[in-house]
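Pasted below: work13.txt, compact mmCIF, C-alpha atoms.
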# COMPACT_ATOMS: atom_id res chain seq x y z
CA MET A 27 -8.61 -21.29 -3.76
CA SER A 28 -10.48 -18.40 -5.31
CA GLY A 29 -11.73 -18.33 -8.89
CA ILE A 30 -9.18 -15.70 -9.85
CA GLN A 31 -6.18 -17.71 -8.71
CA ASP A 32 -7.14 -21.06 -10.21
CA GLY A 33 -8.30 -19.61 -13.55
CA SER A 34 -12.00 -20.45 -13.23
CA TYR A 35 -13.11 -16.82 -12.82
CA THR A 36 -15.40 -15.86 -15.70
CA GLY A 37 -16.54 -12.40 -14.59
CA PRO A 38 -15.39 -9.07 -15.99
CA MET A 39 -11.69 -8.41 -15.77
CA THR A 40 -11.09 -5.20 -13.89
CA PRO A 41 -7.73 -3.81 -12.77
CA GLU A 42 -8.40 -5.36 -9.36
CA THR A 43 -9.01 -8.84 -10.77
CA GLN A 44 -6.47 -8.76 -13.60
CA ARG A 45 -3.13 -9.40 -11.90
CA LEU A 46 -0.84 -11.05 -14.41
CA PRO A 47 2.63 -12.07 -13.28
CA LEU A 48 5.57 -10.14 -14.67
CA ARG A 49 6.68 -13.01 -16.90
CA ASP A 50 3.32 -12.77 -18.71
CA ARG A 51 3.48 -8.98 -19.06
CA LEU A 52 7.15 -8.74 -20.03
CA PRO A 53 6.68 -9.66 -23.74
CA ASP A 54 4.17 -6.80 -24.08
CA TYR A 55 6.57 -4.40 -22.37
CA LEU A 56 9.43 -5.47 -24.65
CA ALA A 57 7.24 -5.11 -27.74
CA LEU A 58 6.26 -1.60 -26.68
CA PHE A 59 9.92 -0.80 -26.00
CA ALA A 60 10.82 -2.04 -29.50
CA VAL A 61 8.11 0.19 -31.00
CA GLY A 62 9.63 3.14 -29.14
CA VAL A 63 13.09 2.27 -30.46
CA ALA A 64 11.73 2.04 -34.01
CA VAL A 65 9.85 5.34 -33.77
CA SER A 66 12.80 7.22 -32.27
CA ALA A 67 15.15 5.67 -34.86
CA THR A 68 12.78 6.82 -37.63
CA ILE A 69 12.69 10.34 -36.21
CA GLY A 70 16.49 10.27 -35.90
CA LEU A 71 16.74 9.14 -39.52
CA VAL A 72 14.58 12.08 -40.64
CA ILE A 73 16.75 14.46 -38.59
CA TRP A 74 19.85 12.96 -40.22
CA LEU A 75 18.37 13.46 -43.69
CA VAL A 76 17.44 17.11 -43.17
CA SER A 77 20.51 18.17 -41.19
CA SER A 78 24.25 17.74 -41.22
CA ALA A 79 24.31 15.58 -38.07
CA HIS A 80 25.86 12.14 -38.05
CA LEU A 81 23.35 9.27 -38.17
CA ALA A 82 24.44 7.84 -34.82
CA ASP A 83 24.14 11.25 -33.16
CA ALA A 84 20.73 11.97 -34.64
CA VAL A 85 19.31 8.59 -33.56
CA GLY A 86 21.11 8.58 -30.21
CA TYR A 87 20.01 12.05 -29.18
CA THR A 88 16.43 11.29 -30.23
CA MET A 89 16.39 8.16 -28.06
CA ALA A 90 18.01 10.01 -25.18
CA GLY A 91 15.38 12.76 -25.51
CA LEU A 92 12.60 10.17 -25.39
CA GLY A 93 14.25 8.68 -22.31
CA VAL A 94 14.35 12.04 -20.55
CA VAL A 95 10.68 12.69 -21.33
CA LEU A 96 9.72 9.27 -19.95
CA LEU A 97 11.88 9.77 -16.86
CA LEU A 98 10.29 13.13 -16.14
CA SER A 99 6.71 12.02 -16.77
CA GLY A 100 7.09 8.81 -14.77
CA GLY A 101 8.84 10.58 -11.91
CA ALA A 102 6.28 13.35 -11.75
CA SER A 103 3.24 11.09 -11.75
CA GLY A 104 4.77 8.38 -9.56
CA GLY A 105 6.13 10.84 -7.01
CA GLY A 106 2.85 12.69 -6.65
CA PHE A 107 4.23 15.89 -8.14
CA ALA A 108 1.46 15.99 -10.73
CA ASN A 109 -1.05 16.33 -7.86
CA ILE A 110 0.97 18.93 -5.98
CA GLY A 111 0.54 21.61 -8.66
CA VAL A 112 -3.24 21.44 -8.51
CA GLY A 113 -3.21 21.25 -4.74
CA ALA A 114 -0.90 24.25 -4.42
CA VAL A 115 -3.09 26.39 -6.67
CA GLU A 116 -6.22 25.36 -4.79
CA ALA A 117 -4.58 26.03 -1.43
CA MET A 118 -3.40 29.45 -2.56
CA PHE A 119 -6.57 30.62 -4.28
CA GLY A 120 -9.18 28.69 -2.31
CA GLY A 121 -10.24 26.18 -4.92
CA ARG A 122 -13.07 23.83 -4.24
CA ARG A 123 -12.52 20.27 -3.10
CA ARG A 124 -13.24 17.50 -5.57
CA HIS A 125 -13.32 14.53 -3.23
CA ASP A 126 -16.15 12.04 -3.14
CA ASP A 127 -16.07 11.87 0.66
CA ASP A 128 -17.84 15.26 0.78
CA ALA A 129 -20.78 14.19 -1.38
CA GLY A 130 -22.93 13.31 1.63
CA ASP A 131 -22.35 16.62 3.42
CA PRO A 132 -25.41 18.87 2.91
CA ASN A 133 -23.31 22.02 3.35
CA VAL A 134 -21.07 21.05 0.46
CA ARG A 135 -24.04 20.15 -1.76
CA MET A 136 -25.65 23.52 -1.08
CA GLY A 137 -22.41 25.37 -1.85
CA ARG A 138 -21.80 26.56 1.71
CA ALA A 139 -18.29 26.86 3.02
CA THR A 140 -17.05 24.14 5.31
CA SER A 141 -14.07 24.17 7.61
CA VAL A 142 -11.42 22.49 5.48
CA ASP A 143 -7.68 22.39 5.84
CA PRO A 144 -6.46 23.99 2.57
CA TYR A 145 -3.22 22.02 2.66
CA GLU A 146 -4.90 18.60 2.89
CA ARG A 147 -4.64 18.10 -0.87
CA LEU A 148 -0.95 18.97 -0.79
CA ARG A 149 -0.31 16.39 1.92
CA LYS A 150 -2.18 13.73 -0.08
CA GLY A 151 -0.08 14.55 -3.14
CA LEU A 152 3.13 14.04 -1.19
CA ARG A 153 2.15 10.48 -0.27
CA PRO A 154 0.97 8.90 -3.50
CA GLY A 155 -0.13 5.31 -3.72
CA PRO A 156 1.68 2.68 -5.78
CA ASN A 157 1.75 3.52 -9.47
CA PRO A 158 3.20 0.67 -11.56
CA MET A 159 2.72 2.56 -14.82
CA ALA A 160 4.92 5.40 -13.55
CA PHE A 161 7.51 2.85 -12.41
CA TRP A 162 7.70 1.26 -15.86
CA ARG A 163 7.86 4.70 -17.51
CA VAL A 164 10.93 5.51 -15.41
CA ILE A 165 12.52 2.13 -16.18
CA GLY A 166 11.83 2.55 -19.90
CA GLY A 167 13.14 6.11 -19.80
CA ALA A 168 16.38 4.99 -18.18
CA CYS A 169 16.79 2.26 -20.82
CA TYR A 170 16.13 4.69 -23.71
CA LEU A 171 18.54 7.20 -22.20
CA ALA A 172 21.28 4.58 -21.80
CA LEU A 173 20.68 3.25 -25.31
CA GLY A 174 20.73 6.77 -26.76
CA ILE A 175 24.01 7.60 -25.04
CA ALA A 176 25.52 4.31 -26.24
CA ILE A 177 24.43 4.92 -29.84
CA SER A 178 25.70 8.52 -29.76
CA GLY A 179 29.02 7.23 -28.46
CA LEU A 180 29.40 5.09 -31.58
CA GLY A 181 29.31 8.12 -33.86
For this file, write the structure as structure tokens.
Amino acid sequence: MSGIQDGSYTGPMTPETQRLPLRDRLPDYLALFAVGVAVSATIGLVIWLVSSAHLADAVGYTMAGLGVVLLLSGGASGGGFANIGVGAVEAMFGGRRRHDDDAGDPNVRMGRATSVDPYERLRKGLRPGPNPMAFWRVIGGACYLALGIAISGLG
């Protein structure tokens, strides 16, 4: 058994070595979700005080708006769409490559042009790796959206 699995590892905890099970991370996720509910409820309360909206509508629409923002940001980063925009601009206007695999090439270091497929960055953006943070943003966004719609339905 390795030191990481049996708990005897005393080295620095990096994202590669810090793999907590979901049951250990879930209380942190729920606490962060509760903070989001409290902040959006506070913003909804302020909107209710300064407008003629019903309290349930003000809080519900604020939570639903937070849910939509989280859904969009999680979907864009998890689906690789955040990388596509940069890749498309570089492919269209001939931007330079920013990959570490070119660091050893003397032509790249000297600023000389190399034969590069301009759409390589686009293809990499279409196949993103696993992104758990984006996944949990989407899950949280769906929960905020459902909660916001339910609260607005009460009013």
Expected residue set, 12 Å radius at (23.2, 7.6, -33.3), only C-alpha atoms, as number ranges by chain: A: 63, 66-71, 73-74, 79-90, 173-181
Spatial neighbours of Gly167 in chain A, 8 Å, only C-alpha atoms, chain gap at least 3 places, as JSON, numbers by chain: {"A": [92, 93, 94, 95, 96, 97, 163, 164, 170, 171]}
Selection as a ChimeraX atom specification: residues within 10 Å of (0.8, 11.0, -17.4), counting only C-alpha atoms: /A:96,98-104,108,159-160,163
Based on the selection just made, write C-alpha atoms of those residues as a PDB file, keeping the file's coordinate frame.
ATOM      1  CA  LEU A  96       9.720   9.270 -19.950  1.00  0.00           C
ATOM      2  CA  LEU A  98      10.290  13.130 -16.140  1.00  0.00           C
ATOM      3  CA  SER A  99       6.710  12.020 -16.770  1.00  0.00           C
ATOM      4  CA  GLY A 100       7.090   8.810 -14.770  1.00  0.00           C
ATOM      5  CA  GLY A 101       8.840  10.580 -11.910  1.00  0.00           C
ATOM      6  CA  ALA A 102       6.280  13.350 -11.750  1.00  0.00           C
ATOM      7  CA  SER A 103       3.240  11.090 -11.750  1.00  0.00           C
ATOM      8  CA  GLY A 104       4.770   8.380  -9.560  1.00  0.00           C
ATOM      9  CA  ALA A 108       1.460  15.990 -10.730  1.00  0.00           C
ATOM     10  CA  MET A 159       2.720   2.560 -14.820  1.00  0.00           C
ATOM     11  CA  ALA A 160       4.920   5.400 -13.550  1.00  0.00           C
ATOM     12  CA  ARG A 163       7.860   4.700 -17.510  1.00  0.00           C
TER      13      ARG A 163
END
CA of Arg51 in chain A to CA of Ala168 in chain A, straight-line distance in Å: 19.0 Å
Computed interatomic separation between CA of Ser77 in chain A and CA of Gly62 in chain A (Å):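 Result for CA of Ser77 in chain A versus CA of Gly62 in chain A: 22.1 Å, one decimal.
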Distance of CA of Leu48 in chain A from CA of Ala60 in chain A, expressed in Å to one decimal place: 17.7 Å
Write out N, CA and C atoms for range 80-100 of chain A, as a PDB file, in the coordinates of the input.
ATOM      1  N   HIS A  80      25.544  13.533 -37.776  1.00  0.00           N
ATOM      2  CA  HIS A  80      25.860  12.140 -38.050  1.00  0.00           C
ATOM      3  C   HIS A  80      24.641  11.282 -37.704  1.00  0.00           C
ATOM      4  N   LEU A  81      24.506  10.147 -38.390  1.00  0.00           N
ATOM      5  CA  LEU A  81      23.350   9.270 -38.170  1.00  0.00           C
ATOM      6  C   LEU A  81      23.300   8.772 -36.729  1.00  0.00           C
ATOM      7  N   ALA A  82      24.427   8.360 -36.196  1.00  0.00           N
ATOM      8  CA  ALA A  82      24.440   7.840 -34.820  1.00  0.00           C
ATOM      9  C   ALA A  82      24.047   8.927 -33.830  1.00  0.00           C
ATOM     10  N   ASP A  83      24.500  10.149 -34.062  1.00  0.00           N
ATOM     11  CA  ASP A  83      24.140  11.250 -33.160  1.00  0.00           C
ATOM     12  C   ASP A  83      22.662  11.593 -33.251  1.00  0.00           C
ATOM     13  N   ALA A  84      22.138  11.624 -34.467  1.00  0.00           N
ATOM     14  CA  ALA A  84      20.730  11.970 -34.640  1.00  0.00           C
ATOM     15  C   ALA A  84      19.828  10.935 -33.971  1.00  0.00           C
ATOM     16  N   VAL A  85      20.120   9.654 -34.175  1.00  0.00           N
ATOM     17  CA  VAL A  85      19.310   8.590 -33.560  1.00  0.00           C
ATOM     18  C   VAL A  85      19.545   8.546 -32.057  1.00  0.00           C
ATOM     19  N   GLY A  86      20.786   8.654 -31.641  1.00  0.00           N
ATOM     20  CA  GLY A  86      21.110   8.580 -30.210  1.00  0.00           C
ATOM     21  C   GLY A  86      20.499   9.706 -29.408  1.00  0.00           C
ATOM     22  N   TYR A  87      20.594  10.930 -29.913  1.00  0.00           N
ATOM     23  CA  TYR A  87      20.010  12.050 -29.180  1.00  0.00           C
ATOM     24  C   TYR A  87      18.480  11.982 -29.162  1.00  0.00           C
ATOM     25  N   THR A  88      17.892  11.455 -30.226  1.00  0.00           N
ATOM     26  CA  THR A  88      16.430  11.290 -30.230  1.00  0.00           C
ATOM     27  C   THR A  88      16.006  10.280 -29.182  1.00  0.00           C
ATOM     28  N   MET A  89      16.714   9.157 -29.089  1.00  0.00           N
ATOM     29  CA  MET A  89      16.390   8.160 -28.060  1.00  0.00           C
ATOM     30  C   MET A  89      16.642   8.699 -26.665  1.00  0.00           C
ATOM     31  N   ALA A  90      17.727   9.433 -26.499  1.00  0.00           N
ATOM     32  CA  ALA A  90      18.010  10.010 -25.180  1.00  0.00           C
ATOM     33  C   ALA A  90      16.932  11.029 -24.804  1.00  0.00           C
ATOM     34  N   GLY A  91      16.465  11.805 -25.779  1.00  0.00           N
ATOM     35  CA  GLY A  91      15.380  12.760 -25.510  1.00  0.00           C
ATOM     36  C   GLY A  91      14.097  12.061 -25.099  1.00  0.00           C
ATOM     37  N   LEU A  92      13.770  10.952 -25.779  1.00  0.00           N
ATOM     38  CA  LEU A  92      12.600  10.170 -25.390  1.00  0.00           C
ATOM     39  C   LEU A  92      12.774   9.618 -23.980  1.00  0.00           C
ATOM     40  N   GLY A  93      13.975   9.181 -23.658  1.00  0.00           N
ATOM     41  CA  GLY A  93      14.250   8.680 -22.310  1.00  0.00           C
ATOM     42  C   GLY A  93      14.059   9.739 -21.245  1.00  0.00           C
ATOM     43  N   VAL A  94      14.511  10.944 -21.516  1.00  0.00           N
ATOM     44  CA  VAL A  94      14.350  12.040 -20.550  1.00  0.00           C
ATOM     45  C   VAL A  94      12.874  12.370 -20.355  1.00  0.00           C
ATOM     46  N   VAL A  95      12.118  12.402 -21.441  1.00  0.00           N
ATOM     47  CA  VAL A  95      10.680  12.690 -21.330  1.00  0.00           C
ATOM     48  C   VAL A  95       9.992  11.610 -20.486  1.00  0.00           C
ATOM     49  N   LEU A  96      10.322  10.350 -20.729  1.00  0.00           N
ATOM     50  CA  LEU A  96       9.720   9.270 -19.950  1.00  0.00           C
ATOM     51  C   LEU A  96      10.157   9.322 -18.486  1.00  0.00           C
ATOM     52  N   LEU A  97      11.416   9.634 -18.237  1.00  0.00           N
ATOM     53  CA  LEU A  97      11.880   9.770 -16.860  1.00  0.00           C
ATOM     54  C   LEU A  97      11.132  10.879 -16.124  1.00  0.00           C
ATOM     55  N   LEU A  98      10.979  12.017 -16.784  1.00  0.00           N
ATOM     56  CA  LEU A  98      10.290  13.130 -16.140  1.00  0.00           C
ATOM     57  C   LEU A  98       8.811  12.845 -15.925  1.00  0.00           C
ATOM     58  N   SER A  99       8.144  12.272 -16.931  1.00  0.00           N
ATOM     59  CA  SER A  99       6.710  12.020 -16.770  1.00  0.00           C
ATOM     60  C   SER A  99       6.455  10.914 -15.753  1.00  0.00           C
ATOM     61  N   GLY A 100       7.267   9.879 -15.754  1.00  0.00           N
ATOM     62  CA  GLY A 100       7.090   8.810 -14.770  1.00  0.00           C
ATOM     63  C   GLY A 100       7.425   9.269 -13.367  1.00  0.00           C
TER      64      GLY A 100
END
